[in-house]
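entry.cif (mmCIF, C-alpha atoms) appears below.
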```cif
data_data
#
loop_
_atom_site.label_atom_id
_atom_site.label_comp_id
_atom_site.auth_asym_id
_atom_site.auth_seq_id
_atom_site.Cartn_x
_atom_site.Cartn_y
_atom_site.Cartn_z
CA MET A 1 109.45 -3.28 -23.92
CA GLU A 2 112.23 -4.65 -21.74
CA ASN A 3 109.71 -6.77 -19.87
CA LYS A 4 108.42 -8.21 -23.13
CA LEU A 5 111.94 -9.09 -24.20
CA ASP A 6 112.52 -10.78 -20.86
CA ASN A 7 109.35 -12.83 -21.27
CA PHE A 8 110.54 -14.10 -24.63
CA SER A 9 114.11 -14.70 -23.55
CA PHE A 10 115.93 -17.80 -24.71
CA ALA A 11 116.25 -18.91 -21.07
CA ASN A 12 112.43 -18.92 -20.72
CA GLU A 13 111.97 -20.68 -24.03
CA LYS A 14 114.51 -23.31 -23.01
CA GLU A 15 112.85 -23.79 -19.64
CA ILE A 16 109.47 -24.50 -21.26
CA ALA A 17 111.09 -26.82 -23.82
CA ARG A 18 112.90 -28.66 -21.04
CA SER A 19 109.61 -29.47 -19.32
CA PHE A 20 108.66 -31.47 -22.45
CA SER A 21 112.04 -33.18 -22.68
CA LYS A 22 111.77 -35.54 -19.74
CA ARG A 23 109.29 -38.28 -20.56
CA PHE A 24 110.58 -41.68 -21.68
CA GLN A 25 109.38 -42.18 -25.25
CA TRP A 26 108.06 -45.71 -24.77
CA GLU A 27 105.83 -45.42 -27.87
CA MET A 28 108.91 -45.02 -30.02
CA VAL A 29 110.64 -48.04 -28.47
CA LEU A 30 107.52 -50.06 -29.16
CA ILE A 31 107.25 -48.85 -32.76
CA GLY A 32 110.96 -49.29 -33.49
CA LEU A 33 111.34 -52.80 -32.08
CA GLY A 34 107.79 -53.79 -33.07
CA GLN A 35 108.16 -52.95 -36.74
CA ALA A 36 111.51 -54.76 -36.83
CA LEU A 37 109.90 -57.84 -35.28
CA VAL A 38 107.10 -57.76 -37.86
CA PHE A 39 109.68 -57.24 -40.63
CA PHE A 40 111.73 -60.26 -39.50
CA SER A 41 108.60 -62.39 -39.08
CA LEU A 42 107.57 -61.70 -42.66
CA TRP A 43 110.52 -63.64 -44.06
CA PRO A 44 109.65 -67.12 -42.74
CA LEU A 45 105.94 -66.41 -43.18
CA VAL A 46 106.37 -65.57 -46.87
CA ILE A 47 109.09 -68.11 -47.67
CA LEU A 48 107.12 -70.95 -46.05
CA GLU A 49 104.00 -69.66 -47.87
CA PHE A 50 101.93 -68.92 -44.78
CA ILE A 51 101.18 -65.56 -46.36
CA PRO A 52 101.60 -64.53 -50.01
CA LEU A 53 104.32 -62.10 -51.05
CA SER A 54 101.58 -59.73 -52.25
CA ILE A 55 100.49 -59.32 -48.60
CA GLY A 56 103.99 -59.39 -47.13
CA ALA A 57 105.31 -56.62 -49.39
CA PRO A 58 102.87 -53.88 -48.29
CA ILE A 59 103.37 -54.88 -44.64
CA ALA A 60 107.15 -54.63 -45.09
CA THR A 61 106.65 -51.22 -46.70
CA LEU A 62 104.61 -50.03 -43.71
CA CYS A 63 107.42 -51.26 -41.44
CA ALA A 64 109.93 -49.25 -43.50
CA LEU A 65 107.79 -46.12 -43.17
CA MET A 66 107.77 -46.54 -39.39
CA ALA A 67 111.47 -47.41 -39.07
CA TYR A 68 113.29 -44.10 -38.99
CA LEU A 69 111.69 -42.04 -36.21
CA PRO A 70 112.51 -44.45 -33.36
CA SER A 71 116.15 -44.32 -34.50
CA HIS A 72 115.94 -40.54 -34.83
CA GLU A 73 114.99 -40.24 -31.15
CA ALA A 74 117.95 -42.47 -30.31
CA GLN A 75 120.32 -40.37 -32.44
CA HIS A 76 119.46 -37.45 -30.14
CA GLY A 77 119.85 -39.62 -27.04
CA ASN A 78 116.18 -39.10 -26.18
CA TYR A 79 115.82 -42.52 -24.54
CA SER A 80 118.85 -42.26 -22.27
CA ARG A 81 118.35 -38.52 -21.54
CA GLY A 82 121.95 -38.11 -20.47
CA LYS A 83 122.04 -41.21 -18.26
CA PRO A 84 125.04 -43.34 -19.31
CA SER A 85 123.41 -46.47 -17.86
CA ARG A 86 120.56 -46.11 -20.37
CA ARG A 87 122.60 -45.48 -23.49
CA TRP A 88 122.18 -49.10 -24.51
CA ILE A 89 118.50 -48.35 -25.16
CA ASP A 90 119.49 -45.66 -27.70
CA SER A 91 121.85 -48.09 -29.43
CA LEU A 92 119.50 -51.06 -29.36
CA VAL A 93 116.44 -49.22 -30.69
CA SER A 94 118.35 -47.38 -33.40
CA HIS A 95 120.38 -50.34 -34.68
CA VAL A 96 117.42 -52.71 -34.74
CA SER A 97 114.90 -50.22 -36.13
CA LEU A 98 117.16 -49.18 -39.02
CA ILE A 99 117.63 -52.72 -40.35
CA THR A 100 114.37 -52.36 -42.29
CA LEU A 101 115.80 -49.33 -44.08
CA MET A 102 119.30 -50.81 -44.46
CA PHE A 103 120.72 -47.70 -42.79
CA PRO A 104 123.74 -47.92 -40.48
CA HIS A 105 123.03 -46.19 -37.14
CA HIS A 106 126.49 -44.67 -36.79
CA VAL A 107 126.34 -42.96 -40.18
CA MET A 108 122.81 -41.73 -39.54
CA ARG A 109 123.70 -40.29 -36.14
CA ALA A 110 126.89 -38.59 -37.36
CA THR A 111 125.28 -37.07 -40.46
CA HIS A 112 122.11 -36.06 -38.62
CA MET A 113 124.10 -34.13 -36.03
CA LYS A 114 125.79 -32.29 -38.89
CA HIS A 115 122.37 -31.62 -40.43
CA HIS A 116 121.32 -29.95 -37.16
CA ALA A 117 124.54 -27.98 -36.89
CA TYR A 118 124.53 -26.76 -40.49
CA THR A 119 120.89 -26.88 -41.63
CA ASN A 120 120.51 -25.57 -45.20
CA ASP A 121 124.23 -24.91 -45.63
CA PRO A 122 124.91 -25.99 -49.25
CA GLN A 123 128.35 -27.37 -48.40
CA LYS A 124 127.86 -28.88 -44.96
CA ASP A 125 124.23 -29.97 -44.65
CA VAL A 126 123.98 -33.62 -45.73
CA ASP A 127 120.29 -33.15 -46.54
CA TYR A 128 120.78 -30.01 -48.62
CA ASP A 129 120.59 -31.86 -51.95
CA VAL A 130 117.06 -33.03 -51.11
CA ALA A 131 115.97 -29.85 -49.29
CA SER A 132 116.94 -27.75 -52.31
CA SER A 133 115.03 -29.92 -54.80
CA LYS A 134 112.52 -27.95 -56.84
CA SER A 135 109.93 -30.69 -57.23
CA LEU A 136 108.92 -34.07 -55.84
CA LEU A 137 110.41 -35.68 -58.96
CA GLU A 138 113.75 -34.09 -58.14
CA VAL A 139 113.44 -35.36 -54.54
CA PHE A 140 112.90 -38.86 -55.94
CA VAL A 141 115.90 -38.69 -58.27
CA ARG A 142 118.27 -37.14 -55.74
CA THR A 143 117.24 -39.61 -53.06
CA ASN A 144 118.04 -42.51 -55.32
CA GLN A 145 121.12 -41.14 -57.01
CA SER A 146 123.88 -42.89 -55.08
CA THR A 147 125.82 -42.87 -51.85
CA ALA A 148 128.39 -40.52 -53.38
CA LYS A 149 127.00 -37.59 -51.36
CA TYR A 150 128.17 -39.31 -48.19
CA ASP A 151 131.69 -39.56 -49.59
CA LYS A 152 131.55 -35.83 -50.27
CA HIS A 153 130.65 -35.11 -46.66
CA LEU A 154 133.35 -37.43 -45.41
CA GLU A 155 135.75 -35.14 -47.25
CA VAL A 156 134.08 -31.96 -45.90
CA PHE A 157 134.34 -33.19 -42.29
CA LYS A 158 137.63 -35.08 -42.62
CA ASP A 159 139.13 -33.13 -39.68
CA ASP A 160 136.33 -34.16 -37.33
CA LYS A 161 137.76 -37.37 -35.87
CA ASN A 162 134.50 -38.48 -34.23
CA PHE A 163 132.62 -38.01 -37.47
CA VAL A 164 135.17 -40.03 -39.46
CA LYS A 165 135.23 -42.76 -36.80
CA SER A 166 131.43 -43.05 -36.76
CA PHE A 167 131.40 -43.06 -40.52
CA GLU A 168 133.91 -45.90 -40.73
CA LYS A 169 131.99 -47.95 -38.17
CA GLY A 170 128.77 -47.34 -40.08
CA ALA A 171 130.37 -48.20 -43.41
CA LEU A 172 131.08 -51.70 -42.12
CA VAL A 173 127.48 -52.13 -41.01
CA GLY A 174 126.32 -50.78 -44.38
CA LEU A 175 128.56 -53.29 -46.11
CA SER A 176 127.08 -56.12 -44.06
CA TYR A 177 123.56 -55.01 -45.09
CA ARG A 178 124.66 -55.08 -48.70
CA GLY A 179 126.22 -58.52 -48.23
CA SER A 180 123.06 -59.85 -46.54
CA LEU A 181 120.89 -58.52 -49.35
CA MET A 182 123.13 -60.12 -51.98
CA ALA A 183 123.05 -63.46 -50.16
CA LEU A 184 119.27 -63.33 -49.73
CA VAL A 185 118.60 -62.32 -53.32
CA PHE A 186 120.55 -65.32 -54.56
CA PHE A 187 118.27 -67.76 -52.73
CA PHE A 188 115.04 -65.76 -52.43
CA PRO A 189 115.13 -63.20 -55.26
CA LEU A 190 111.55 -61.94 -55.25
CA GLU A 191 111.35 -61.92 -51.45
CA ALA A 192 114.57 -59.89 -51.25
CA LEU A 193 113.18 -57.47 -53.81
CA PHE A 194 109.69 -57.01 -52.38
CA LEU A 195 110.31 -57.51 -48.65
CA TRP A 196 113.49 -55.52 -48.25
CA TRP A 197 114.93 -53.62 -51.22
CA LEU A 198 111.74 -51.99 -52.50
CA PRO A 199 110.26 -51.22 -49.03
CA SER A 200 113.55 -49.65 -47.97
CA LYS A 201 113.60 -47.49 -51.12
CA ILE A 202 110.01 -46.39 -50.51
CA GLY A 203 110.84 -45.72 -46.85
CA VAL A 204 113.84 -43.58 -47.74
CA LEU A 205 111.84 -41.64 -50.33
CA TYR A 206 109.13 -41.03 -47.72
CA LEU A 207 111.80 -39.78 -45.32
CA SER A 208 113.35 -37.49 -47.89
CA THR A 209 109.98 -36.03 -48.81
CA PHE A 210 108.49 -35.44 -45.39
CA PHE A 211 111.53 -35.11 -43.14
CA SER A 212 114.00 -33.31 -45.40
CA TRP A 213 112.14 -31.58 -48.20
CA TYR A 214 108.85 -30.18 -46.92
CA PRO A 215 110.17 -28.76 -43.61
CA HIS A 216 113.32 -27.19 -45.07
CA TYR A 217 112.22 -26.30 -48.60
CA GLN A 218 113.31 -22.73 -49.53
CA MET A 219 114.30 -21.97 -45.96
CA ASP A 220 117.20 -19.83 -44.82
CA ILE A 221 120.17 -20.55 -42.57
CA GLY A 222 120.00 -19.89 -38.82
CA ARG A 223 118.01 -20.74 -35.70
CA TYR A 224 114.30 -19.83 -36.12
CA LYS A 225 114.78 -19.54 -39.89
CA ASP A 226 115.87 -22.94 -41.17
CA THR A 227 112.66 -24.94 -40.68
CA ARG A 228 109.04 -23.95 -41.24
CA PHE A 229 105.56 -24.79 -40.07
CA TRP A 230 103.58 -26.04 -43.07
CA HIS A 231 100.20 -27.49 -43.91
CA HIS A 232 99.32 -30.64 -45.79
CA LEU A 233 96.22 -32.26 -47.20
CA LEU A 234 96.77 -35.48 -45.27
CA PRO A 235 96.24 -36.01 -41.53
CA ARG A 236 99.48 -35.39 -39.69
CA TYR A 237 99.90 -38.99 -38.59
CA ILE A 238 100.42 -39.95 -42.22
CA ASN A 239 103.58 -37.86 -42.38
CA HIS A 240 104.72 -38.43 -38.80
CA SER A 241 103.65 -34.87 -37.88
CA MET A 242 106.51 -33.37 -39.83
CA GLN A 243 104.59 -30.07 -40.03
CA LEU A 244 105.93 -29.67 -36.50
CA HIS A 245 109.54 -30.47 -37.39
CA PHE A 246 110.64 -26.87 -36.72
CA VAL A 247 110.29 -27.35 -32.96
CA HIS A 248 112.58 -30.37 -33.18
CA HIS A 249 115.25 -28.17 -34.77
CA LEU A 250 114.88 -25.64 -31.97
CA HIS A 251 114.78 -28.18 -29.14
CA PRO A 252 115.81 -31.70 -30.24
CA GLY A 253 115.38 -33.04 -26.73
CA ILE A 254 111.59 -32.74 -26.88
CA GLY A 255 110.18 -36.21 -27.43
CA HIS A 256 108.35 -36.65 -30.72
CA TYR A 257 104.98 -37.41 -29.15
CA ASP A 258 105.29 -34.42 -26.82
CA GLU A 259 105.93 -31.93 -29.63
CA PRO A 260 102.26 -30.85 -30.12
CA LYS A 261 101.92 -29.85 -26.45
CA ALA A 262 105.33 -28.17 -26.50
CA ILE A 263 104.36 -26.15 -29.58
CA GLU A 264 101.14 -24.99 -27.94
CA ALA A 265 103.17 -23.77 -24.96
CA LEU A 266 105.91 -22.23 -27.10
CA LYS A 267 103.67 -20.64 -29.73
CA PRO A 268 104.10 -17.03 -28.48
CA PHE A 269 107.89 -17.49 -28.55
CA LEU A 270 107.78 -18.94 -32.05
CA ILE A 271 105.73 -16.00 -33.36
CA GLU A 272 107.92 -13.49 -31.56
CA LYS A 273 111.11 -15.05 -32.96
CA GLY A 274 109.65 -15.16 -36.48
CA VAL A 275 109.61 -18.90 -37.15
CA PRO A 276 108.28 -19.20 -40.75
CA GLY A 277 104.56 -20.01 -40.66
CA ALA A 278 104.29 -19.69 -36.85
CA GLU A 279 101.25 -17.36 -37.03
CA GLU A 280 99.30 -20.20 -38.61
CA ILE A 281 99.91 -22.69 -35.81
CA PRO A 282 96.52 -23.56 -34.28
CA ASP A 283 96.04 -22.94 -30.55
CA ARG A 284 95.31 -26.63 -30.08
CA VAL A 285 97.51 -28.99 -32.09
CA SER A 286 95.13 -31.91 -31.87
CA TYR A 287 94.42 -34.61 -34.40
CA ASN A 288 93.65 -32.84 -37.66
CA PRO A 289 93.93 -29.06 -37.49
CA LEU A 290 96.99 -29.05 -39.70
CA ILE A 291 95.10 -30.25 -42.75
CA LYS A 292 94.92 -27.79 -45.62
CA LEU A 293 93.34 -28.77 -48.91
CA MET B 294 145.63 -58.57 -43.69
CA ASN B 295 145.01 -54.81 -43.54
CA ILE B 296 146.16 -54.42 -47.14
CA PHE B 297 143.75 -57.16 -48.15
CA PHE B 298 140.82 -55.36 -46.47
CA GLU B 299 141.87 -52.05 -47.96
CA LEU B 300 141.99 -53.59 -51.43
CA LEU B 301 138.64 -55.28 -50.85
CA ILE B 302 136.97 -52.08 -49.66
CA ASN B 303 138.42 -50.09 -52.57
CA HIS B 304 137.22 -52.73 -54.99
CA ILE B 305 133.72 -52.68 -53.49
CA LYS B 306 133.68 -48.87 -53.54
CA ASN B 307 134.59 -48.77 -57.22
CA TRP B 308 132.69 -51.76 -58.49
CA ASN B 309 129.69 -52.05 -56.14
CA MET B 310 127.19 -50.98 -58.80
CA VAL B 311 128.46 -53.61 -61.21
CA TRP B 312 128.31 -56.37 -58.58
CA PHE B 313 124.90 -55.16 -57.50
CA GLY B 314 123.65 -55.23 -61.08
CA LEU B 315 125.07 -58.68 -61.70
CA ILE B 316 123.97 -60.38 -58.47
CA PHE B 317 120.88 -58.45 -57.37
CA TRP B 318 119.28 -57.47 -60.65
CA GLY B 319 120.50 -60.64 -62.36
CA SER B 320 118.83 -62.82 -59.72
CA VAL B 321 115.65 -60.73 -59.80
CA PHE B 322 115.42 -60.78 -63.62
CA ASN B 323 116.05 -64.52 -63.62
CA ALA B 324 113.29 -65.13 -61.05
CA LEU B 325 110.85 -62.80 -62.82
CA ALA B 326 111.53 -64.38 -66.22
CA GLU B 327 110.89 -67.84 -64.78
CA LYS B 328 107.76 -66.69 -62.97
CA LEU B 329 106.30 -64.84 -65.94
CA GLY B 330 107.29 -67.55 -68.44
CA PHE B 331 109.26 -64.98 -70.38
CA LEU B 332 111.67 -66.69 -72.83
CA ALA B 333 110.68 -69.93 -71.12
CA ASN B 334 112.10 -72.06 -73.93
CA SER B 335 115.44 -70.34 -74.03
CA PRO B 336 118.26 -72.51 -72.64
CA ASN B 337 120.22 -69.34 -71.89
CA LEU B 338 117.57 -67.69 -69.72
CA THR B 339 119.72 -67.55 -66.59
CA PHE B 340 122.77 -66.37 -68.52
CA LEU B 341 120.72 -63.65 -70.26
CA SER B 342 119.18 -62.46 -66.97
CA PHE B 343 122.54 -62.10 -65.27
CA LEU B 344 124.05 -60.51 -68.37
CA ILE B 345 121.33 -57.83 -68.42
CA GLY B 346 121.92 -57.20 -64.70
CA PHE B 347 125.67 -56.93 -65.29
CA ILE B 348 125.24 -54.51 -68.21
CA LEU B 349 122.84 -52.35 -66.18
CA GLY B 350 125.39 -52.24 -63.36
CA LEU B 351 128.17 -51.36 -65.76
CA ILE B 352 126.15 -48.51 -67.27
CA ALA B 353 125.28 -47.24 -63.76
CA LYS B 354 128.95 -47.34 -62.76
CA TYR B 355 130.06 -45.25 -65.72
CA ARG B 356 127.15 -42.81 -65.37
CA GLY B 357 127.64 -42.60 -61.59
CA THR B 358 123.93 -43.13 -60.93
CA TRP B 359 121.19 -45.67 -61.54
CA LEU B 360 118.72 -42.97 -62.57
CA TRP B 361 119.06 -39.79 -64.54
CA LYS B 362 121.21 -36.90 -63.36
CA THR B 363 119.94 -33.61 -61.96
CA SER B 364 121.73 -30.28 -62.19
#
```
How does the structure come out when it is put into structure tokens?
Amino acid sequence: MENKLDNFSFANEKEIARSFSKRFQWEMVLIGLGQALVFFSLWPLVILEFIPLSIGAPIATLCALMAYLPSHEAQHGNYSRGKPSRRWIDSLVSHVSLITLMFPHHVMRATHMKHHAYTNDPQKDVDYDVASSKSLLEVFVRTNQSTAKYDKHLEVFKDDKNFVKSFEKGALVGLSYRGSLMALVFFFPLEALFLWWLPSKIGVLYLSTFFSWYPHYQMDIGRYKDTRFWHHLLPRYINHSMQLHFVHHLHPGIGHYDEPKAIEALKPFLIEKGVPGAEEIPDRVSYNPLIKL
Amino acid sequence: MNIFFELLINHIKNWNMVWFGLIFWGSVFNALAEKLGFLANSPNLTFLSFLIGFILGLIAKYRGTWLWKTS
């Protein structure tokens, strides 16, 4: 019994997780900067009528769907991996990638760290409003309600100086996004609507659904309890493999594209610790075994 | 200068939905109306478009949300 407990110790779990937390996530850098480049290119291409808006809009929407994860890796410092000389990569990728979604990096990083620290806490988790939604319709409405929830969390964490500082920095960036959108809409109204505003709304809704709602829906508070393994009818690349989001909450340093291998290695630990749905994790997390009709 | 920025930020915080309605939705409605030929003969098309955007923004400000409220 004692031996078994030793085998499943946190130190062992951490050691295995650490072995998947070393690789430079070059795919994410490519996706983050690449989608932003495509997004920026769409503007002259559409305005100068090289491509119609009806083609540009779905491409911009695809860019918005791809925009968050590269920033998410940066928010966890997964490009710099603790090396101060590489922190600029975190900043660059996150700031540039989030332009498509009109999200300020500083606000995202500050609130996401609080989400990890207080997952599913009704008062302190910034994503709780979405995670506690009872239907997709409610996810849609809550996602689009307003930015008032951020003001609420600014009040909740008012004594955390770093949080407030990040928030203030981010608010300025957010304001400049708003200003840019207003300036663009005045001269290019339909382009501003279909290349930026609508894609960003769709992107944020996609994020809320697959990153906040599905993984945390009806989950408890506490390590091993706050995020679940779940199935979906679509291949996992459609939802950025968010069925595997629980391992990110346990070990945020694991690079996104290394999560399947990490989960295979950690599966016995996950079952032993009672991660919701862990028994259903396939032995090989390859392309499509997570599909459930 | 600081007071000016504080006033500006407070104003934007309180009235951002109204400005957004007026400028963003007003411009979009105006462009759509022109594109679709809606009320094409009306000399007040631009004024009407921006007015609708402004009213939408005003309603959103007083309701606190652009969409409906959840419990």
Using only C-alpha atoms, I'd like every residue of chain B that has an atom within 8 Å of chain A; please write them out as an NGL selection string.
:B and (313 or 316-317 or 320-321 or 324-325 or 357-363)
Which residues, written as a ChimeraX atom specification, have at least one atom at most 6 Å from Val275 in chain A, with only C-alpha atoms counted and residues fewer than 4 positions away on the same chain left out?
/A:224-225,270
Taking (124.8, -60.4, -65.9) in the file's coordinates as the center, which residues reach within 12 Å of it, counting all atoms listed in the file, put as a PyMOL selection string?
chain B and resi 311-323+337-351
In the coordinates of the file, take the point (106.8, -23.7, -37.9) and a cut-off of 6 Å; then, counting all atoms listed in the file, name each qualifying protein, DNA or RNA residue as a VMD selection string.
chain A and resid 228 to 229 246 275 to 278
Compile the contact shell of Leu101 in chain A as a ChimeraX atom specification: residues with an atom at most 10 Å away, counting only C-alpha atoms, same-chain residues fewer than 2 positions apart removed.
/A:61,63-68,97-99,103-104,177,196-204
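Interatomic distance, CA of Met113 in chain A to CA of Ser180 in chain A: 27.8 Å.
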Mind telling me what the PyMOL selection byres ((chain A and resi 115) around 10) catches here, as a ChimeraX atom specification?
/A:109-114,116-121,124-128,212,249
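CA of Lys14 in chain A lies 13.3 Å from CA of Pro268 in chain A.
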Let me know the residues the PyMOL selection byres ((chain A and resi 91) around 10) catches in the file above, as a ChimeraX atom specification.
/A:71,74-75,77,79-80,86-90,92-97,105-106
Can you spell out as a PyMOL selection string the set of residues that the PyMOL selection byres ((chain A and resi 255) around 10) selects in the structure I just provided?
chain A and resi 20-25+28+73+76+78-79+248+251-254+256-260+262
If I take CA of Leu301 in chain B and CA of Thr100 in chain A, how far is one from the other in Å, to one decimal?
25.9 Å
Would you list the contacts of Ala131 in chain A as a ChimeraX atom specification, taking every protein, DNA or RNA residue within 9 Å and counting only C-alpha atoms, but skipping same-chain residues closer than 3 positions in sequence?
/A:120,127-128,134,139,208-209,212-219
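If all atoms listed in the file are the atoms counted, then among A:Val164, A:Asp151, A:Ala17, A:Leu195 the closest residue to Ala57 in chain A is A:Leu195.
Using all atoms listed in the file for every distance, the candidate list A:Phe50, A:Ser241, A:Met102, A:Gln123 yields A:Met102 as the residue closest to Ala36 in chain A.
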